[in-house]
Each structure stands twice: as C-alpha cells, then as structure tokens.
file coords.csv (CSV, C-alpha atoms)
chain,number,residue,atom,x,y,z
A,1,MET,CA,134.8,16.8,-51.1
A,2,PRO,CA,131.8,17.5,-48.8
A,3,ARG,CA,128.7,18.8,-50.4
A,4,PRO,CA,128.1,22.5,-49.9
A,5,LEU,CA,125.6,23.6,-47.2
A,6,ILE,CA,123.0,25.9,-48.7
A,7,GLY,CA,120.9,27.9,-46.3
A,8,ILE,CA,117.3,28.6,-47.3
A,9,THR,CA,115.2,31.2,-45.5
A,10,SER,CA,111.8,30.2,-44.3
A,11,TYR,CA,108.5,31.3,-42.8
A,12,LEU,CA,107.7,31.1,-39.0
A,13,GLU,CA,104.0,30.6,-39.0
A,14,ALA,CA,101.2,28.7,-37.2
A,15,ALA,CA,100.7,25.3,-38.7
A,16,ARG,CA,98.4,22.3,-38.1
A,17,TRP,CA,99.5,18.7,-37.9
A,18,GLY,CA,97.4,16.0,-36.3
A,19,ASP,CA,95.6,17.6,-33.3
A,20,TRP,CA,98.3,20.2,-32.9
A,21,VAL,CA,98.4,23.8,-33.9
A,22,ARG,CA,101.8,25.2,-33.2
A,23,GLU,CA,104.3,27.8,-34.6
A,24,ALA,CA,106.4,26.0,-37.2
A,25,VAL,CA,109.3,26.7,-39.6
A,26,LEU,CA,107.8,26.4,-43.1
A,27,SER,CA,109.4,26.3,-46.6
A,28,PRO,CA,108.0,25.1,-50.0
A,29,PRO,CA,109.9,21.8,-50.7
A,30,ALA,CA,110.9,23.0,-54.2
A,31,TYR,CA,113.8,24.9,-52.8
A,32,ALA,CA,115.3,22.0,-50.9
A,33,ARG,CA,114.7,19.6,-53.8
A,34,ALA,CA,116.4,21.8,-56.3
A,35,VAL,CA,119.4,22.2,-54.0
A,36,GLU,CA,119.6,18.5,-53.4
A,37,ARG,CA,119.4,17.8,-57.2
A,38,ALA,CA,122.2,20.2,-57.8
A,39,GLY,CA,124.5,18.4,-55.3
A,40,GLY,CA,124.1,20.7,-52.2
A,41,VAL,CA,122.7,20.0,-48.8
A,42,PRO,CA,119.6,22.2,-48.0
A,43,VAL,CA,119.4,23.7,-44.5
A,44,LEU,CA,116.3,25.7,-43.4
A,45,LEU,CA,117.0,29.0,-41.7
A,46,PRO,CA,114.2,30.0,-39.3
A,47,PRO,CA,113.8,33.8,-38.9
A,48,LEU,CA,114.7,33.8,-35.2
A,49,GLY,CA,116.5,37.1,-35.1
A,50,PRO,CA,119.1,39.2,-36.9
A,51,ALA,CA,121.8,38.5,-34.3
A,52,VAL,CA,122.4,35.0,-35.7
A,53,ALA,CA,122.9,36.1,-39.3
A,54,ALA,CA,126.6,36.4,-39.2
A,55,GLU,CA,126.9,33.0,-37.6
A,56,HIS,CA,124.9,31.5,-40.5
A,57,ALA,CA,127.1,33.2,-43.0
A,58,ARG,CA,130.2,31.9,-41.3
A,59,HIS,CA,129.2,28.2,-41.4
A,60,LEU,CA,127.2,28.0,-44.7
A,61,SER,CA,128.6,27.7,-48.3
A,62,GLY,CA,125.7,29.5,-49.9
A,63,VAL,CA,122.3,31.1,-49.2
A,64,ILE,CA,118.9,31.3,-50.9
A,65,LEU,CA,116.8,34.2,-49.9
A,66,ALA,CA,113.4,32.6,-50.6
A,67,GLY,CA,110.2,34.1,-51.9
A,68,GLY,CA,107.3,35.1,-49.7
A,69,GLY,CA,105.2,38.2,-48.6
A,70,GLU,CA,106.2,41.7,-49.5
A,71,LEU,CA,108.8,43.6,-47.5
A,72,ASP,CA,107.4,46.3,-45.1
A,73,PRO,CA,107.7,49.5,-47.2
A,74,THR,CA,108.8,51.5,-44.2
A,75,LEU,CA,112.1,49.7,-44.4
A,76,TYR,CA,113.0,51.6,-47.6
A,77,GLY,CA,111.3,54.9,-46.7
A,78,ALA,CA,107.8,54.4,-48.3
A,79,ALA,CA,104.4,54.4,-46.7
A,80,ARG,CA,102.6,51.2,-45.8
A,81,ASP,CA,99.9,50.2,-48.3
A,82,GLU,CA,96.7,48.5,-47.2
A,83,ARG,CA,96.7,46.4,-50.4
A,84,LEU,CA,99.8,44.6,-49.1
A,85,GLY,CA,99.7,41.8,-46.7
A,86,GLU,CA,100.5,42.2,-43.0
A,87,PRO,CA,104.2,42.9,-42.5
A,88,GLN,CA,106.4,40.2,-41.1
A,89,PRO,CA,108.9,42.2,-39.1
A,90,HIS,CA,110.7,39.2,-37.7
A,91,ARG,CA,111.4,37.8,-41.1
A,92,ASP,CA,112.2,41.1,-42.7
A,93,ARG,CA,114.8,41.9,-40.0
A,94,PHE,CA,116.4,38.5,-40.1
A,95,GLU,CA,116.7,38.3,-43.9
A,96,LEU,CA,118.0,41.9,-44.3
A,97,ALA,CA,120.7,41.0,-41.7
A,98,LEU,CA,121.5,37.7,-43.5
A,99,ALA,CA,121.7,39.4,-46.9
A,100,ARG,CA,124.2,42.0,-45.5
A,101,ALA,CA,126.3,39.3,-43.8
A,102,ALA,CA,126.4,37.2,-47.0
A,103,VAL,CA,127.4,40.2,-49.1
A,104,GLN,CA,130.1,41.2,-46.6
A,105,ALA,CA,131.5,37.7,-46.5
A,106,GLY,CA,131.5,37.1,-50.2
A,107,LEU,CA,129.0,34.2,-49.7
A,108,PRO,CA,127.3,32.9,-52.8
A,109,LEU,CA,123.8,34.2,-52.7
A,110,LEU,CA,120.6,33.8,-54.7
A,111,GLY,CA,117.6,36.0,-54.1
A,112,VAL,CA,114.3,34.6,-55.3
A,113,ALA,CA,111.3,37.0,-55.9
A,114,ARG,CA,110.9,38.6,-52.4
A,115,GLY,CA,114.6,37.5,-51.9
A,116,MET,CA,115.7,39.8,-54.7
A,117,HIS,CA,113.8,42.7,-53.0
A,118,VAL,CA,115.5,41.8,-49.7
A,119,LEU,CA,118.9,42.0,-51.4
A,120,ASN,CA,118.1,45.3,-53.0
A,121,VAL,CA,116.9,46.9,-49.8
A,122,ALA,CA,119.8,45.4,-47.8
A,123,GLN,CA,122.1,47.3,-50.2
A,124,GLY,CA,120.3,50.6,-49.6
A,125,GLY,CA,117.9,50.4,-52.6
A,126,SER,CA,114.1,50.9,-52.7
A,127,LEU,CA,111.1,49.3,-54.2
A,128,ILE,CA,107.9,50.3,-56.0
A,129,PRO,CA,105.4,49.3,-53.3
A,130,TRP,CA,102.5,48.6,-55.6
A,131,LEU,CA,103.6,48.1,-59.2
A,132,PRO,CA,100.1,48.5,-60.9
A,133,ASP,CA,100.2,52.1,-59.8
A,134,ALA,CA,103.6,52.7,-61.5
A,135,VAL,CA,103.3,51.2,-64.9
A,136,ASP,CA,100.5,50.8,-67.6
A,137,SER,CA,101.8,47.4,-68.4
A,138,HIS,CA,101.2,45.8,-65.0
A,139,GLU,CA,99.3,42.9,-66.7
A,140,LEU,CA,102.7,41.6,-67.7
A,141,HIS,CA,103.7,41.2,-64.0
A,142,THR,CA,100.4,40.3,-62.3
A,143,GLY,CA,98.9,38.0,-65.0
A,144,GLY,CA,101.5,35.2,-65.1
A,145,GLY,CA,104.0,34.2,-67.8
A,146,HIS,CA,106.1,36.7,-69.8
A,147,VAL,CA,109.5,36.4,-71.5
A,148,LEU,CA,112.4,38.4,-70.1
A,149,GLN,CA,115.6,39.6,-71.8
A,150,VAL,CA,118.8,38.6,-70.0
A,151,SER,CA,122.3,40.0,-70.4
A,152,VAL,CA,124.4,37.2,-71.9
A,153,SER,CA,127.6,38.6,-70.3
A,154,SER,CA,126.1,38.2,-66.7
A,155,ARG,CA,126.3,35.3,-64.4
A,156,LEU,CA,122.5,35.0,-64.8
A,157,GLY,CA,122.9,34.8,-68.6
A,158,GLU,CA,125.7,32.2,-68.3
A,159,ALA,CA,123.2,30.0,-66.4
A,160,VAL,CA,119.9,30.6,-68.3
A,161,GLY,CA,120.8,32.2,-71.6
A,162,ASP,CA,119.6,35.4,-73.1
A,163,ARG,CA,115.8,34.8,-72.6
A,164,VAL,CA,113.8,33.2,-69.9
A,165,GLU,CA,110.1,32.8,-69.3
A,166,ALA,CA,108.9,34.1,-65.9
A,167,THR,CA,105.7,32.6,-64.6
A,168,ALA,CA,105.4,34.1,-61.2
A,169,PRO,CA,103.2,37.2,-60.8
A,170,HIS,CA,104.5,40.0,-58.6
A,171,ARG,CA,103.1,43.3,-57.3
A,172,GLN,CA,106.4,45.0,-56.5
A,173,ALA,CA,109.6,45.8,-58.3
A,174,ILE,CA,112.9,47.6,-57.9
A,175,ARG,CA,112.6,51.4,-58.0
A,176,ARG,CA,116.2,52.4,-57.0
A,177,LEU,CA,119.1,49.9,-57.2
A,178,GLY,CA,121.1,49.2,-54.1
A,179,THR,CA,124.8,49.9,-54.1
A,180,GLY,CA,126.9,47.4,-55.9
A,181,LEU,CA,123.9,46.0,-57.8
A,182,ILE,CA,123.6,46.1,-61.6
A,183,PRO,CA,120.5,45.2,-63.7
A,184,VAL,CA,120.9,42.0,-65.8
A,185,ALA,CA,117.3,41.0,-66.8
A,186,TRP,CA,114.3,43.1,-68.0
A,187,ALA,CA,110.7,42.7,-68.9
A,188,ASP,CA,109.4,44.2,-72.2
A,189,ASP,CA,108.4,47.4,-70.3
A,190,GLN,CA,112.0,47.6,-68.9
A,191,ILE,CA,111.1,46.8,-65.3
A,192,VAL,CA,114.2,45.1,-63.8
A,193,GLU,CA,113.6,41.4,-63.2
A,194,GLY,CA,117.2,40.3,-62.4
A,195,VAL,CA,120.2,41.9,-60.6
A,196,GLU,CA,123.8,41.0,-59.8
A,197,LEU,CA,126.4,42.1,-57.3
A,198,ARG,CA,129.5,43.6,-58.8
A,199,ASP,CA,132.8,42.0,-57.6
A,200,HIS,CA,131.1,39.2,-55.8
A,201,PRO,CA,131.6,35.4,-56.3
A,202,PHE,CA,127.9,34.8,-57.0
A,203,GLY,CA,125.3,37.4,-55.9
A,204,VAL,CA,122.2,37.1,-58.1
A,205,GLY,CA,118.6,38.1,-57.6
A,206,VAL,CA,115.6,37.3,-59.8
A,207,GLN,CA,112.0,38.2,-59.7
A,208,TRP,CA,110.8,34.8,-60.7
A,209,HIS,CA,111.0,31.3,-59.1
A,210,PRO,CA,113.8,29.2,-60.8
A,211,GLU,CA,113.4,26.5,-58.2
A,212,ARG,CA,110.0,25.5,-59.5
A,213,ASP,CA,110.7,24.4,-63.1
A,214,ASP,CA,114.3,25.3,-64.1
A,215,ASP,CA,117.1,24.1,-61.9
A,216,ARG,CA,119.9,25.8,-63.8
A,217,LEU,CA,120.2,28.9,-61.6
A,218,VAL,CA,120.1,26.9,-58.4
A,219,ALA,CA,122.7,24.6,-59.9
A,220,ALA,CA,124.9,27.6,-60.6
A,221,LEU,CA,124.6,28.8,-57.0
A,222,VAL,CA,125.5,25.3,-55.7
A,223,GLU,CA,128.5,25.2,-58.1
A,224,ALA,CA,129.7,28.6,-56.9
A,225,ALA,CA,129.2,27.5,-53.2
A,226,ALA,CA,131.2,24.3,-53.8
A,227,ARG,CA,134.1,26.4,-55.2
A,228,SER,CA,134.0,28.9,-52.4
A,229,GLY,CA,133.6,26.5,-49.5
A,230,PRO,CA,132.7,27.6,-45.9
A,231,ARG,CA,133.3,31.3,-45.1
A,232,PRO,CA,135.4,31.5,-41.9
A,233,GLU,CA,135.8,35.3,-42.2
A,234,ALA,CA,132.0,36.1,-42.3
A,235,GLY,CA,131.1,38.9,-40.0
A,236,SER,CA,134.8,39.7,-39.4
A,237,GLY,CA,134.4,43.1,-41.0
A,238,SER,CA,136.9,42.4,-43.8
A,239,GLY,CA,134.2,42.0,-46.5
A,240,THR,CA,134.3,42.3,-50.3
A,241,ARG,CA,134.3,45.4,-52.4
A,242,ALA,CA,130.5,45.0,-52.8
A,243,GLY,CA,130.1,44.9,-49.1
A,244,THR,CA,132.2,48.0,-48.7
A,245,GLU,CA,130.2,49.8,-51.3
A,246,ALA,CA,127.0,48.8,-49.7
A,247,ARG,CA,127.9,50.9,-46.6
A,248,ALA,CA,128.4,54.0,-48.8
A,249,GLY,CA,124.7,54.2,-49.9
A,250,ALA,CA,122.6,53.4,-53.0
A,251,ARG,CA,122.5,54.7,-56.5
A,252,ASP,CA,119.7,55.3,-59.0
A,253,LEU,CA,119.1,53.0,-61.9
A,254,PRO,CA,121.4,54.1,-64.8
A,255,GLY,CA,119.7,55.7,-67.7
A,256,ALA,CA,116.2,55.6,-69.1
A,257,ALA,CA,116.7,52.1,-70.5
A,258,ALA,CA,117.0,50.6,-67.0
A,259,GLN,CA,113.4,51.5,-66.0
A,260,PRO,CA,110.5,53.4,-67.4
A,261,GLU,CA,110.1,57.0,-66.2
A,262,GLU,CA,106.9,56.2,-64.3
A,263,ALA,CA,108.8,53.6,-62.2
A,264,ARG,CA,111.7,55.8,-61.4
A,265,ARG,CA,109.6,58.6,-59.9
call {"tool": "encode", "arguments": {"input": "coords.csv", "output": "structure tokens"}}
result
Amino acid sequence: MPRPLIGITSYLEAARWGDWVREAVLSPPAYARAVERAGGVPVLLPPLGPAVAAEHARHLSGVILAGGGELDPTLYGAARDERLGEPQPHRDRFELALARAAVQAGLPLLGVARGMHVLNVAQGGSLIPWLPDAVDSHELHTGGGHVLQVSVSSRLGEAVGDRVEATAPHRQAIRRLGTGLIPVAWADDQIVEGVELRDHPFGVGVQWHPERDDDRLVAALVEAAARSGPRPEAGSGSGTRAGTEARAGARDLPGAAAQPEEARR
C-alpha cells in the first residue's frame, strides 16, 4: 500500500542562501520528520492562493495546518492589535480555504497552534486576539510548560492519554467555537487547548506543538490518512456532516466549564 501523502502548510518568506536573497517556501523540519517517522510522505504546501486548496484536498491523504504567526483579527470580526505581528493575508486566505476544503472532503486534518486557530475561524468561530487581556492566569500560556487535561473519550485522548504537557507559549486562544467543533483539552484556567470535529474521520486541533517532542498525535493523523486514502470527491460539494454544519454558522462554547467568563465576553 502506498504511503499516505500528508500536506504541510508553510511560510512564503524572503530567505538567504549563499549570495542569494529570494522568496522561499519555508517550514520547520520537525513537521516533515514527524510525518516520515509515522510512515507518511510529507509534502510542503506553499500559500500561493486559495484557488488551489480544493485541488490539494483532492490529491492528499491528510493535512497538517502548521504553526506560525497570528491570524489577522479582522478575519473573525475583531480589531487589529498593534501587539500582534504584521498580518500575512496570503497565508491566512490560503489556509482558511484549505481547512474548509479538508473539512468538506472528510480529509484527515491536524491543526497545530496557529493551525487550530485557522480551523476554528474556518468553521465560523472567533479568537481572543490578545490572551493576557482576557485572563488573569496568562502566565500559564505565555511562560512555557503547563499540564493540560484531555478528554479520554476523544480522538486526541486516544492518542495522548488524559494529560499532556504543553511547552509552547501562545498569546491567543479560542473565544467562540466554530460549528462542528467540540472542546477536548483544557488548561487549568479552562482555556480550550484542543478541539475536534464531530462526525469527521480525523479533525483535531491543538494549541501546542506535538511534532517537536511527541509523535503520537502526528502518528494518529498518518494512520487515519492511511485508512482514508486519497479524496477524489474533495471540492465536489458533497462534504461531510461537519462541512454541512460549518456553512450554517458557529456556536458559543457550551457552559461555564468550557471557558472562563472573562474569555467568553
């Protein structure tokens, strides 16, 4: 059986090699190495434009929405914040289109850090643009490692167990869950750090970087991609239930236990 092709989103940035300074497609090697160790074939996806997203989804077996800079807040109805980096509209547009195509096609999907935020916004959700303004416990999220609780009945829990240590700091978090997404991992202050798509073969987003020091989640994605195979119906409009729900709009996080009151305002 051919090894599954796993697309990995990437940067399009100026880079230097030798005497040359040119625009280049860039990706931290940890993603490709984790996919290769899990038995997949990594394929870098340059953010060349949203029009190609459905074609990528048609020919790939799985997708990793990789980490990176923060999404432009105007994409989910918030004001831009000068504390955030410069927006990258080319990458934002491409990855939002790719996330929607993957959801519609039932393509196994893993969102990492920024990638979880892309998935949430693609499903009609919103973010807290600057987390330290929203919670008193922001040191948990901006200072490095903290232990997260994981739902053992989730696909994420099946891969990593009921607890995981997250070592990547982040300055944003989910405010309103996108349609079809459910929370499956939380920090001690109840900020959502992991989500899953209902009725989808494998649609997981996490706010940490599993490709760096724990391959289990990447391995679970590759395994799901191997079971699913290529997606010939991607972009055909048939979609999954999750994709159908995504077009109907988003929902707020269920109950006070999902997020603190400060984060939900």
call {"tool": "closest_residue", "arguments": {"input": "coords.csv", "among": "A:Leu109, A:Val192, A:Ala32, A:Leu65", "to": "Arg175 (chain A)", "atoms": "only C-alpha atoms"}}
result
A:Val192
call {"tool": "atom_distance", "arguments": {"input": "coords.csv", "atom1": "CA of Glu36 (chain A)", "atom2": "CA of Ala102 (chain A)"}}
result
20.9 Å
call {"tool": "atom_distance", "arguments": {"input": "coords.csv", "atom1": "CA of Gly194 (chain A)", "atom2": "CA of Ile182 (chain A)"}}
result
8.7 Å
call {"tool": "closest_residue", "arguments": {"input": "coords.csv", "among": "A:Gly7, A:Pro50, A:Pro108, A:Gly85", "to": "Ala226 (chain A)", "atoms": "all atoms listed in the file"}}
result
A:Pro108
call {"tool": "residues_around", "arguments": {"input": "coords.csv", "residues": "Leu71 (chain A)", "least_positions_apart": "3", "cutoff": "12 Å", "atoms": "all atoms listed in the file", "output": "PyMOL selection string"}}
result
chain A and resi 67-68+74-81+84-96+113-122+126-130+171-174
call {"tool": "residues_around", "arguments": {"input": "coords.csv", "residues": "region 209-217 of chain A", "least_positions_apart": "3", "cutoff": "9 Å", "atoms": "all atoms listed in the file", "output": "list in words"}}
result
Ala30, Tyr31, Ala32, Arg33, Ala34, Val35, Arg37, Ala38, Ala66, Gly67, Leu110, Val112, Ala113, Leu156, Ala159, Val160, Ala166, Thr167, Ala168, Val206, Ala220, Leu221 and Val222 of chain A
call {"tool": "atom_distance", "arguments": {"input": "coords.csv", "atom1": "CA of Gly111 (chain A)", "atom2": "CA of Pro183 (chain A)"}}
result
13.6 Å
call {"tool": "residues_around", "arguments": {"input": "coords.csv", "residues": "Pro4 (chain A)", "least_positions_apart": "4", "cutoff": "10 Å", "atoms": "all atoms listed in the file", "output": "mmCIF file with C-alpha atoms, keeping the file's coordinate frame"}}
result
data_model
loop_
_atom_site.group_PDB
_atom_site.id
_atom_site.type_symbol
_atom_site.label_atom_id
_atom_site.label_comp_id
_atom_site.auth_asym_id
_atom_site.auth_seq_id
_atom_site.Cartn_x
_atom_site.Cartn_y
_atom_site.Cartn_z
ATOM 1 C CA VAL A 35 119.400 22.200 -54.000
ATOM 2 C CA GLY A 39 124.500 18.400 -55.300
ATOM 3 C CA GLY A 40 124.100 20.700 -52.200
ATOM 4 C CA VAL A 41 122.700 20.000 -48.800
ATOM 5 C CA PRO A 42 119.600 22.200 -48.000
ATOM 6 C CA LEU A 60 127.200 28.000 -44.700
ATOM 7 C CA SER A 61 128.600 27.700 -48.300
ATOM 8 C CA GLY A 62 125.700 29.500 -49.900
ATOM 9 C CA VAL A 222 125.500 25.300 -55.700
ATOM 10 C CA GLU A 223 128.500 25.200 -58.100
ATOM 11 C CA ALA A 224 129.700 28.600 -56.900
ATOM 12 C CA ALA A 225 129.200 27.500 -53.200
ATOM 13 C CA ALA A 226 131.200 24.300 -53.800
ATOM 14 C CA ARG A 227 134.100 26.400 -55.200
ATOM 15 C CA SER A 228 134.000 28.900 -52.400
ATOM 16 C CA GLY A 229 133.600 26.500 -49.500
ATOM 17 C CA PRO A 230 132.700 27.600 -45.900
#
call {"tool": "closest_residue", "arguments": {"input": "coords.csv", "among": "A:Val164, A:Arg155, A:Leu98, A:Trp186", "to": "Val52 (chain A)", "atoms": "only C-alpha atoms"}}
result
A:Leu98
call {"tool": "residues_near_point", "arguments": {"input": "coords.csv", "point": "(107.6, 25.4, -32.2)", "cutoff": "12 Å", "atoms": "only C-alpha atoms", "output": "PyMOL selection string"}}
result
chain A and resi 12-17+20-26+46+48
call {"tool": "closest_residue", "arguments": {"input": "coords.csv", "among": "A:Leu197, A:Val103, A:Val150, A:Ala219", "to": "Ala185 (chain A)", "atoms": "only C-alpha atoms"}}
result
A:Val150
call {"tool": "residues_around", "arguments": {"input": "coords.csv", "residues": "Leu45 (chain A)", "least_positions_apart": "5", "cutoff": "9 Å", "atoms": "all atoms listed in the file", "output": "list in words"}}
result
Gly7, Ile8, Thr9, Ser10, Tyr11, Val25 and His56 of chain A
